[in-house]
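data-v5.txt (compact mmCIF, C-alpha atoms and all ligand atoms) appears below.
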# COMPACT_ATOMS: atom_id res chain seq x y z
CA MET A 1 0.00 0.00 0.00
CA THR A 2 1.34 3.47 -0.91
CA HIS A 3 1.30 5.76 2.05
CA PRO A 4 0.96 9.50 1.91
CA THR A 5 4.27 10.97 3.09
CA SER A 6 3.17 14.54 3.75
CA ASN A 7 0.50 15.94 6.01
CA GLN A 8 -1.36 19.21 6.57
CA GLN A 9 -1.94 20.26 10.16
CA VAL A 10 -3.47 23.22 11.97
CA VAL A 11 -1.09 24.27 14.73
CA LEU A 12 -1.47 26.73 17.58
CA ALA A 13 0.47 29.78 16.36
CA ARG A 14 -0.02 31.65 19.66
CA ARG A 15 -2.27 31.38 22.68
CA PRO A 16 -5.61 33.16 22.10
CA ALA A 17 -6.17 36.22 24.28
CA GLY A 18 -9.90 36.12 24.95
CA ALA A 19 -11.98 34.98 21.98
CA PRO A 20 -9.89 33.00 19.49
CA ARG A 21 -8.87 34.71 16.23
CA VAL A 22 -8.07 33.06 12.93
CA ASP A 23 -4.41 34.12 13.15
CA ASP A 24 -4.00 32.33 16.49
CA PHE A 25 -3.68 29.27 14.22
CA ALA A 26 -1.54 28.33 11.21
CA VAL A 27 -1.86 25.60 8.60
CA ILE A 28 1.47 23.87 8.01
CA GLU A 29 2.81 21.09 5.80
CA SER A 30 4.61 18.35 7.72
CA ALA A 31 6.11 14.92 7.09
CA LEU A 32 3.92 11.93 7.86
CA PRO A 33 5.91 9.30 9.78
CA PRO A 34 5.88 5.67 8.56
CA LEU A 35 3.50 3.35 10.38
CA GLN A 36 4.94 1.32 13.28
CA ASP A 37 3.60 -1.89 14.82
CA GLY A 38 0.51 -1.16 16.92
CA GLU A 39 -0.36 2.01 14.96
CA VAL A 40 -3.22 3.05 12.67
CA LEU A 41 -3.07 5.54 9.78
CA ILE A 42 -6.33 7.50 9.46
CA GLU A 43 -7.39 9.88 6.70
CA ASN A 44 -9.53 12.43 8.50
CA LEU A 45 -12.70 13.20 6.53
CA PHE A 46 -14.42 15.57 8.97
CA ILE A 47 -13.31 17.72 11.87
CA SER A 48 -15.80 18.61 14.57
CA LEU A 49 -15.41 22.08 16.10
CA ASP A 50 -16.20 22.13 19.80
CA ALA A 51 -16.03 25.24 21.95
CA GLY A 52 -14.85 23.26 24.99
CA PHE A 53 -11.41 22.70 23.38
CA ARG A 54 -10.68 26.44 23.75
CA LYS A 55 -9.92 25.82 27.43
CA TRP A 56 -6.80 23.70 26.71
CA MET A 57 -5.30 26.48 24.56
CA ASP A 58 -4.42 28.45 27.71
CA GLU A 59 -1.04 28.09 29.43
CA GLY A 60 -1.19 25.63 32.33
CA SER A 61 -4.71 24.48 31.45
CA GLY A 62 -3.90 20.75 31.33
CA ASP A 63 -6.08 18.44 33.41
CA HIS A 64 -7.09 14.79 33.67
CA ILE A 65 -8.76 14.97 30.24
CA LEU A 66 -6.07 16.63 28.08
CA PRO A 67 -2.69 18.32 28.52
CA ALA A 68 -2.51 22.02 27.68
CA MET A 69 -1.91 22.49 23.94
CA GLU A 70 1.58 23.72 23.02
CA ILE A 71 2.47 26.54 20.64
CA GLY A 72 3.61 25.13 17.28
CA GLN A 73 1.89 21.80 17.94
CA PRO A 74 -1.29 20.48 16.24
CA VAL A 75 -4.54 21.62 17.83
CA MET A 76 -6.47 18.81 19.48
CA GLY A 77 -10.06 18.10 18.50
CA LEU A 78 -12.64 15.52 17.55
CA THR A 79 -12.30 13.87 14.16
CA LEU A 80 -14.00 11.31 11.97
CA GLY A 81 -11.85 9.47 9.44
CA ARG A 82 -11.24 6.32 7.43
CA VAL A 83 -8.50 3.84 8.23
CA VAL A 84 -5.99 3.87 5.36
CA ASP A 85 -3.68 1.25 6.87
CA SER A 86 -3.47 -0.56 10.16
CA ARG A 87 -0.75 -2.38 12.07
CA HIS A 88 -3.05 -2.59 15.08
CA PRO A 89 -4.93 -5.86 15.68
CA ASP A 90 -8.25 -4.15 16.48
CA PHE A 91 -8.57 -1.95 13.39
CA ALA A 92 -8.66 -2.63 9.64
CA ALA A 93 -8.30 -0.55 6.48
CA GLY A 94 -11.62 0.89 5.32
CA GLN A 95 -13.15 1.22 8.81
CA HIS A 96 -14.54 4.59 9.84
CA LEU A 97 -13.34 5.81 13.23
CA MET A 98 -14.08 8.76 15.49
CA ALA A 99 -11.27 9.93 17.73
CA ARG A 100 -9.91 12.69 19.87
CA LEU A 101 -6.94 13.49 17.65
CA ALA A 102 -5.78 16.68 16.00
CA TRP A 103 -6.89 19.14 13.35
CA GLU A 104 -4.94 17.41 10.57
CA ARG A 105 -5.41 15.69 7.22
CA TYR A 106 -3.89 12.38 8.33
CA SER A 107 -3.38 10.98 11.81
CA VAL A 108 -1.05 8.23 12.96
CA THR A 109 -2.14 6.89 16.31
CA ASP A 110 -1.40 3.98 18.59
CA ALA A 111 -5.15 3.75 19.29
CA THR A 112 -4.99 5.25 22.77
CA ASP A 113 -6.85 8.35 21.51
CA PHE A 114 -10.36 7.14 22.29
CA LEU A 115 -10.86 5.50 18.91
CA VAL A 116 -14.48 4.55 18.39
CA VAL A 117 -15.70 2.63 15.36
CA VAL A 118 -18.51 4.53 13.62
CA PRO A 119 -21.61 2.35 13.96
CA ASP A 120 -22.86 1.29 10.53
CA GLN A 121 -26.47 0.44 11.38
CA TYR A 122 -27.74 3.99 10.82
CA ASP A 123 -28.82 5.15 7.39
CA CYS A 124 -27.51 8.73 7.54
CA PRO A 125 -24.61 10.89 6.35
CA LEU A 126 -21.31 9.96 8.00
CA ASN A 127 -20.81 13.45 9.46
CA TRP A 128 -24.00 13.15 11.54
CA HIS A 129 -21.92 11.01 13.91
CA LEU A 130 -20.04 14.17 14.94
CA GLY A 131 -23.25 16.14 15.49
CA ILE A 132 -26.78 14.94 16.02
CA LEU A 133 -25.68 11.31 16.60
CA GLY A 134 -22.50 12.40 18.41
CA ASP A 135 -21.77 14.11 21.72
CA THR A 136 -23.73 17.28 20.95
CA GLY A 137 -26.94 15.54 19.84
CA MET A 138 -26.54 13.18 22.79
CA SER A 139 -26.10 16.17 25.15
CA ALA A 140 -29.36 17.68 23.92
CA TYR A 141 -31.10 14.34 24.33
CA PHE A 142 -29.81 13.33 27.78
CA GLY A 143 -29.78 16.91 29.08
CA LEU A 144 -33.51 17.08 28.53
CA THR A 145 -34.69 13.46 28.73
CA ASP A 146 -32.73 12.50 31.84
CA VAL A 147 -31.74 15.69 33.62
CA ALA A 148 -34.22 18.53 33.03
CA ARG A 149 -37.29 16.47 32.02
CA PRO A 150 -39.59 19.15 30.51
CA GLN A 151 -43.29 18.42 31.00
CA PRO A 152 -46.25 19.38 28.82
CA GLY A 153 -47.18 23.02 29.32
CA GLU A 154 -43.88 23.95 31.00
CA THR A 155 -41.45 26.55 29.71
CA ALA A 156 -37.98 25.35 28.70
CA VAL A 157 -35.25 27.90 28.03
CA ILE A 158 -32.22 26.88 25.97
CA SER A 159 -29.05 28.98 25.74
CA ALA A 160 -26.76 28.90 22.67
CA ALA A 161 -30.07 27.88 21.14
CA GLY A 162 -28.92 27.87 17.53
CA GLY A 163 -25.74 25.89 18.25
CA ALA A 164 -25.04 22.19 17.97
CA VAL A 165 -26.67 21.23 21.28
CA GLY A 166 -29.25 24.01 21.37
CA SER A 167 -30.60 23.50 17.85
CA ILE A 168 -31.60 19.95 18.81
CA ALA A 169 -32.55 20.68 22.43
CA GLY A 170 -35.24 23.26 21.65
CA GLN A 171 -36.95 20.83 19.31
CA ILE A 172 -36.82 18.01 21.89
CA ALA A 173 -38.36 20.30 24.51
CA ARG A 174 -41.27 20.92 22.13
CA ILE A 175 -41.62 17.22 21.37
CA TYR A 176 -42.09 16.71 25.14
CA GLY A 177 -44.88 19.30 25.02
CA ALA A 178 -43.02 22.22 26.59
CA ARG A 179 -42.86 25.77 25.30
CA ALA A 180 -39.33 26.31 23.96
CA VAL A 181 -37.60 29.66 24.35
CA GLY A 182 -34.17 30.10 22.79
CA ILE A 183 -31.44 32.56 23.70
CA ALA A 184 -29.01 33.46 20.90
CA SER A 185 -27.12 36.45 19.54
CA GLY A 186 -28.65 38.82 17.01
CA PRO A 187 -32.11 39.33 15.55
CA ASP A 188 -31.39 37.26 12.44
CA LYS A 189 -30.41 34.18 14.43
CA CYS A 190 -33.40 34.67 16.74
CA ARG A 191 -35.69 34.77 13.71
CA ARG A 192 -34.13 31.53 12.41
CA LEU A 193 -34.69 29.85 15.79
CA ILE A 194 -38.41 30.39 15.38
CA GLU A 195 -38.73 29.87 11.63
CA GLU A 196 -36.34 26.94 11.12
CA LEU A 197 -36.24 25.17 14.49
CA GLY A 198 -39.76 25.81 15.73
CA TYR A 199 -38.85 27.72 18.92
CA ASP A 200 -41.91 29.44 20.37
CA ALA A 201 -39.96 32.58 21.22
CA ALA A 202 -36.38 33.83 21.05
CA VAL A 203 -34.35 36.29 23.10
CA ASP A 204 -31.39 38.22 21.69
CA ARG A 205 -28.68 38.05 24.35
CA ASN A 206 -27.08 41.17 22.85
CA GLY A 207 -30.33 43.14 22.98
CA GLU A 208 -30.84 46.20 25.18
CA ASP A 209 -33.13 44.78 27.86
CA VAL A 210 -32.40 41.05 28.06
CA VAL A 211 -34.10 40.67 31.46
CA GLY A 212 -37.28 42.24 30.12
CA ALA A 213 -37.13 40.28 26.86
CA LEU A 214 -36.75 36.99 28.75
CA ALA A 215 -39.66 37.85 31.04
CA GLU A 216 -41.80 38.70 28.02
CA ALA A 217 -40.82 35.45 26.28
CA CYS A 218 -41.56 33.43 29.46
CA PRO A 219 -44.77 34.97 30.89
CA ASP A 220 -45.34 31.89 33.10
CA GLY A 221 -41.76 31.75 34.39
CA ILE A 222 -39.03 29.21 33.63
CA ASP A 223 -39.35 25.52 34.53
CA VAL A 224 -36.37 24.12 32.66
CA TYR A 225 -33.05 25.66 31.62
CA LEU A 226 -30.46 23.88 29.50
CA ASP A 227 -27.36 25.94 30.21
CA SER A 228 -24.51 25.78 27.68
CA VAL A 229 -23.19 29.22 28.58
CA SER A 230 -23.00 29.92 32.35
CA GLY A 231 -21.86 33.48 33.28
CA PRO A 232 -24.32 36.38 33.41
CA LEU A 233 -27.04 34.50 31.46
CA LEU A 234 -27.26 31.84 34.15
CA GLU A 235 -27.78 34.53 36.80
CA LEU A 236 -30.41 36.17 34.63
CA VAL A 237 -32.33 32.91 34.13
CA LEU A 238 -32.09 32.03 37.84
CA GLY A 239 -33.88 35.31 38.53
CA GLN A 240 -36.96 34.05 36.65
CA ILE A 241 -37.25 30.36 37.63
CA ASN A 242 -40.42 28.73 38.89
CA PRO A 243 -40.81 26.48 41.95
CA ARG A 244 -39.22 23.06 41.28
CA ALA A 245 -37.36 24.28 38.19
CA ARG A 246 -34.65 21.97 36.81
CA ILE A 247 -31.45 23.47 35.46
CA ALA A 248 -29.24 21.13 33.43
CA LEU A 249 -25.65 22.35 33.28
CA CYS A 250 -24.28 21.32 29.89
CA GLY A 251 -21.42 23.76 29.29
CA ALA A 252 -20.01 27.19 30.02
CA VAL A 253 -19.05 28.88 26.73
CA ALA A 254 -19.06 32.33 28.34
CA THR A 255 -16.18 31.26 30.59
CA TYR A 256 -13.94 29.47 28.06
CA ASN A 257 -12.23 32.69 26.90
CA ALA A 258 -12.03 34.29 30.34
CA GLY A 259 -8.47 33.19 31.20
CA ALA A 260 -9.35 33.25 34.92
CA PRO A 261 -12.35 32.05 36.95
CA LEU A 262 -15.40 34.32 36.66
CA PRO A 263 -17.58 35.24 39.66
CA GLY A 264 -20.45 32.81 40.13
CA PRO A 265 -24.15 33.75 40.05
CA SER A 266 -25.01 36.02 42.98
CA ASN A 267 -28.54 34.63 43.26
CA LEU A 268 -28.10 30.90 43.96
CA PHE A 269 -30.51 31.39 46.87
CA GLN A 270 -33.19 31.28 44.16
CA LEU A 271 -32.59 27.50 44.11
CA VAL A 272 -33.41 27.31 47.82
CA THR A 273 -36.59 29.36 47.80
CA ASN A 274 -37.86 27.60 44.68
CA GLN A 275 -36.74 24.11 45.74
CA ALA A 276 -35.08 23.97 42.36
CA THR A 277 -32.20 21.78 41.20
CA MET A 278 -29.09 22.48 39.19
CA THR A 279 -27.41 19.34 37.85
CA GLY A 280 -24.31 18.96 35.71
CA PHE A 281 -23.90 16.08 33.31
CA MET A 282 -21.16 14.58 31.12
CA THR A 283 -22.69 12.99 28.08
CA HIS A 284 -19.89 10.60 27.16
CA LEU A 285 -20.41 8.80 30.48
CA MET A 286 -23.80 7.69 29.13
CA HIS A 287 -22.14 5.98 26.19
CA GLU A 288 -23.92 2.68 26.65
CA ARG A 289 -27.23 4.48 26.04
CA TYR A 290 -26.17 6.21 22.81
CA PRO A 291 -27.92 3.57 20.61
CA GLU A 292 -31.26 4.28 22.31
CA ALA A 293 -30.80 8.05 21.93
CA ARG A 294 -29.58 7.83 18.33
CA GLN A 295 -32.54 5.69 17.31
CA GLN A 296 -34.99 8.06 19.00
CA LEU A 297 -33.48 11.12 17.30
CA LEU A 298 -33.56 9.41 13.90
CA ASP A 299 -37.15 8.31 14.46
CA TRP A 300 -38.13 11.91 15.25
CA ILE A 301 -36.44 13.05 12.04
CA GLU A 302 -38.24 10.33 10.08
CA GLU A 303 -41.56 11.42 11.65
CA GLY A 304 -40.90 15.04 10.64
CA LYS A 305 -40.67 16.22 14.27
CA LEU A 306 -36.96 17.11 14.22
CA VAL A 307 -34.65 18.81 11.73
CA ASN A 308 -30.86 18.65 11.75
CA ARG A 309 -28.88 21.81 10.98
CA GLU A 310 -25.15 21.99 10.23
CA HIS A 311 -22.68 24.82 9.77
CA MET A 312 -20.45 23.04 7.25
CA LEU A 313 -17.20 24.53 5.95
CA HIS A 314 -14.75 22.89 3.55
CA GLY A 315 -10.99 22.37 3.45
CA ILE A 316 -8.40 22.35 6.21
CA GLU A 317 -7.72 26.09 5.74
CA SER A 318 -11.30 26.69 6.98
CA VAL A 319 -10.79 24.99 10.35
CA PRO A 320 -9.59 28.10 12.26
CA THR A 321 -12.48 30.16 10.85
CA ALA A 322 -14.98 27.47 11.80
CA PHE A 323 -13.63 27.38 15.37
CA CYS A 324 -13.76 31.18 15.73
CA ASP A 325 -17.33 31.15 14.38
CA LEU A 326 -18.42 29.32 17.55
CA PHE A 327 -17.34 32.20 19.78
CA ALA A 328 -18.67 34.90 17.45
CA GLY A 329 -22.03 33.11 17.32
CA ARG A 330 -21.80 32.78 13.51
CA ASN A 331 -22.72 29.09 13.53
CA PHE A 332 -26.23 27.75 13.12
CA GLY A 333 -26.33 24.05 13.98
CA LYS A 334 -23.35 21.75 14.37
CA THR A 335 -20.05 23.18 13.11
CA ILE A 336 -18.04 20.75 10.99
CA VAL A 337 -15.27 21.07 8.41
CA ALA A 338 -15.25 18.52 5.59
CA LEU A 339 -11.67 17.81 4.54
CA SER A 340 -12.10 15.76 1.37
N1 LIG B 401 -21.81 18.18 29.06
C1 LIG B 401 -21.34 17.55 28.00
O1 LIG B 401 -21.10 16.35 28.01
C2 LIG B 401 -21.14 18.34 26.75
C3 LIG B 401 -20.94 17.70 25.51
C4 LIG B 401 -20.79 18.49 24.36
C5 LIG B 401 -20.82 19.88 24.46
N2 LIG B 401 -20.97 20.44 25.69
C6 LIG B 401 -21.02 21.89 25.88
O2 LIG B 401 -22.21 22.34 25.30
C7 LIG B 401 -22.07 23.71 24.97
C8 LIG B 401 -22.56 23.95 23.57
O3 LIG B 401 -21.65 23.30 22.70
P1 LIG B 401 -21.92 23.28 21.17
O4 LIG B 401 -20.92 22.40 20.53
O5 LIG B 401 -23.37 23.03 20.95
O6 LIG B 401 -21.54 24.77 20.76
P2 LIG B 401 -22.42 25.66 19.84
O7 LIG B 401 -23.65 25.91 20.61
O8 LIG B 401 -22.52 25.05 18.50
O9 LIG B 401 -21.59 27.01 19.71
C9 LIG B 401 -21.36 27.80 20.79
C10 LIG B 401 -22.46 28.88 20.90
O10 LIG B 401 -22.27 29.55 22.12
C11 LIG B 401 -22.72 30.87 22.01
N3 LIG B 401 -21.74 31.73 22.67
C12 LIG B 401 -20.44 31.91 22.31
N4 LIG B 401 -19.83 32.75 23.17
C13 LIG B 401 -20.78 33.09 24.09
C14 LIG B 401 -20.77 33.95 25.23
N5 LIG B 401 -19.68 34.62 25.60
N6 LIG B 401 -21.91 34.07 25.94
C15 LIG B 401 -23.03 33.41 25.57
N7 LIG B 401 -23.09 32.59 24.49
C16 LIG B 401 -21.97 32.44 23.77
C17 LIG B 401 -22.85 31.19 20.52
O11 LIG B 401 -24.23 31.34 20.21
P3 LIG B 401 -24.96 32.76 20.30
O12 LIG B 401 -23.92 33.79 19.99
O13 LIG B 401 -26.00 32.68 19.26
O14 LIG B 401 -25.49 32.87 21.68
C18 LIG B 401 -22.34 29.94 19.82
O15 LIG B 401 -23.09 29.62 18.69
C19 LIG B 401 -20.60 24.05 25.18
O16 LIG B 401 -20.47 24.70 26.41
C20 LIG B 401 -19.93 22.70 25.22
O17 LIG B 401 -18.73 22.73 25.94
C21 LIG B 401 -21.14 19.70 26.82

Can the structure from this file be put into structure tokens for me?
Ligand SMILES: NC(=O)c1ccc[n+]([C@@H]2O[C@H](COP(=O)([O-])OP(=O)(O)OC[C@H]3O[C@@H](n4cnc5c(N)ncnc54)[C@H](OP(=O)(O)O)[C@@H]3O)[C@@H](O)[C@H]2O)c1
Amino acid sequence: MTHPTSNQQVVLARRPAGAPRVDDFAVIESALPPLQDGEVLIENLFISLDAGFRKWMDEGSGDHILPAMEIGQPVMGLTLGRVVDSRHPDFAAGQHLMARLAWERYSVTDATDFLVVVPDQYDCPLNWHLGILGDTGMSAYFGLTDVARPQPGETAVISAAGGAVGSIAGQIARIYGARAVGIASGPDKCRRLIEELGYDAAVDRNGEDVVGALAEACPDGIDVYLDSVSGPLLELVLGQINPRARIALCGAVATYNAGAPLPGPSNLFQLVTNQATMTGFMTHLMHERYPEARQQLLDWIEEGKLVNREHMLHGIESVPTAFCDLFAGRNFGKTIVALS
């Protein structure tokens, strides 16, 4: 088998200061090492852009999940690719794998990078496994089905409502009979939430009177909040919760660029007086239930109850732009770059 000998990689050119900028990254050509025993050569077909990876771009940010990324080294991320060659007993050429690897055209790995074989029982585009059938679709599903549990007639508020998790979550809330209210940036995106995703109302987080707009959009108060953002929006929502509200903590995009811990909400006492709960969840820990969730999401699509939206860019040069889009709120749906 002829192996490619050169690679294209997106490296960290400098550490982002605040929101990432395209020139924090550089696309370089590099040599692809020959395959050793125990290794797999993967041609990456799609790169998933996930806001949470911003955290490991800061100096000293390493933790039990990932080490801090180094300047000049490939940026870590989630990928979906095809095995070109394998000298590992568990993987064979032609298989499709998802992994936590790097933003690069080809990856050589010893299979310790969370390689997961893409299940082949689903009749859908391959890239859906990075979005609606991947961690973000699963977060929307488990965040609502297991954690927040919206009931008919309740009001469910979703932050980052047009993003990968939010674009699915608002629709699931409505399927469960709740009124779905999305928070997003800008009037155009808010209009799309209603027109394309079926949200009942939308609040522009950059608008002049966000407190008033949220109260107007939720005249009966807030029973469920799927929080992908944290920061000031969480405090604002807490101020309008109903008795026995359930807040599902999914992510904290507003904090990822902060560089230092932000002050917490000043009104947590709202949870006490309303006997409300605030529960964090990590979707990948529910991995054994992904088949159930994937089948349900696909059934809802088949029944016309759910639509899948993607913010798809093309070519490895687009990867930095796609990542920055997440923090500028330019994405609508799951952000993916197709490499081939
Ligand atoms: N718990 C888990 O297991 C799990 C799994 C996957 C993802 N997550 C988390 O889920 C969240 C959503 O991820 P995603 O992939 O679906 O991202 P996304 O929603 O596709 O993109 C991020 C969105 O966040 C909003 N945003 C960016 N900066 C913000 C700020 N400073 N304040 C408020 N909103 C801001 C933007 O929307 P607007 O500008 O329109 O508001 C943007 O579209 C992230 O926090 C991620 O880390 C958690």

Pick out the residues no farther than 8 Å from ligand LIG 401 (chain B), counting all atoms listed in the file, and list them as number ranges by chain. A: 49-53, 135-136, 138-139, 159-167, 183-186, 189, 204-205, 227-231, 233, 249-255, 257, 280-285, 325-335

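Each of A:Val22, A:Leu80, A:Leu234, A:Cys190 was checked against Ala322 in chain A using all atoms listed in the file; the smallest atom-to-atom distance is that of A:Val22.
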
Give me, as a PyMOL selection string, all polymer residues having an atom no more than 12 Å from Glu292 in chain A, counting all atoms listed in the file and skipping those fewer than 3 positions away in the same chain. chain A and resi 133+138+141-142+145+286-289+295-299

Quick one: residues within 10 Å of range 118-126 of chain A, all atoms listed in the file counted, chain neighbours fewer than 5 positions away excluded, as a list in words? Leu45, Phe46, Leu80, Gly81, Arg82, Gln95, His96, Leu97, Met98, Ala99, Gly131, Leu133, Pro291, Arg294, Gln295 and Leu298 of chain A

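Reported to one decimal place, the separation of CA of Asn7 in chain A from CA of Ser86 in chain A is 17.5 Å.
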
In Å, rounded to a single decimal, give me how far CA of Gly198 in chain A is from CA of Asn127 in chain A.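 So the two atoms, CA of Asn127 in chain A and CA of Gly198 in chain A, lie 23.5 Å apart.
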
All residues 9 Å or closer to Ile247 in chain A, all atoms listed in the file, same chain fewer than 5 positions away omitted, as a list in words: Val147, Ala148, Asp223, Val224, Tyr225, Leu226, Asp227, Leu238, Ala276, Thr277, Met278, Thr279 and Gly280 of chain A

Give me, as a count of residues only, all polymer residues having an atom no more than 9 Å from range 56-67 of chain A, counting all atoms listed in the file and skipping those fewer than 6 positions away in the same chain. 9

Let me make sure I understand: among A:Ala26, A:Val108, A:Pro265, A:Ala13, which one has the smallest atom-to-atom distance to Ile71 in chain A if we use all atoms listed in the file? A:Ala13

When you draw a straight line from CA of Ala201 in chain A to CA of Ile172 in chain A, how long is it in Å?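 One can read the CA of Ala201 in chain A to CA of Ile172 in chain A distance as 14.9 Å.
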
Show me, as lines of an AutoDock Vina configuration file, the centre and edge lengths in Å to one decimal of the axis-aligned box that covers every listed atom of range 261-274 of chain A with 3 Å on each side.
center_x = -25.1
center_y = 31.7
center_z = 42.2
size_x = 31.5
size_y = 14.7
size_z = 17.2

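Closest approach to Lys55 in chain A among A:Val181, A:Ile42, A:Val237, A:Ala258 is made by A:Ala258 (distances from only C-alpha atoms).
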
Pick from A:Gly264, A:Pro320, A:Gly207, A:Gly182, whichever lies nearest to Ile158 in chain A using only C-alpha atoms: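 Of the candidates, the smallest distance to Ile158 in chain A is held by A:Gly182.
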
Minimum-distance residue to Val203 in chain A, chosen among A:Leu313, A:Ala217, A:Leu268, A:Leu101 (using all atoms listed in the file):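 Among A:Leu313, A:Ala217, A:Leu268, A:Leu101, it is A:Ala217 that comes nearest to Val203 in chain A.
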
Choose the residue, out of A:Arg309, A:Gln275, A:Ala338, A:Ala156, that has the smallest atom-to-atom separation from Leu193 in chain A; count only C-alpha atoms.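 Looking only at the distances to Leu193 in chain A, the closest residue turns out to be A:Arg309.
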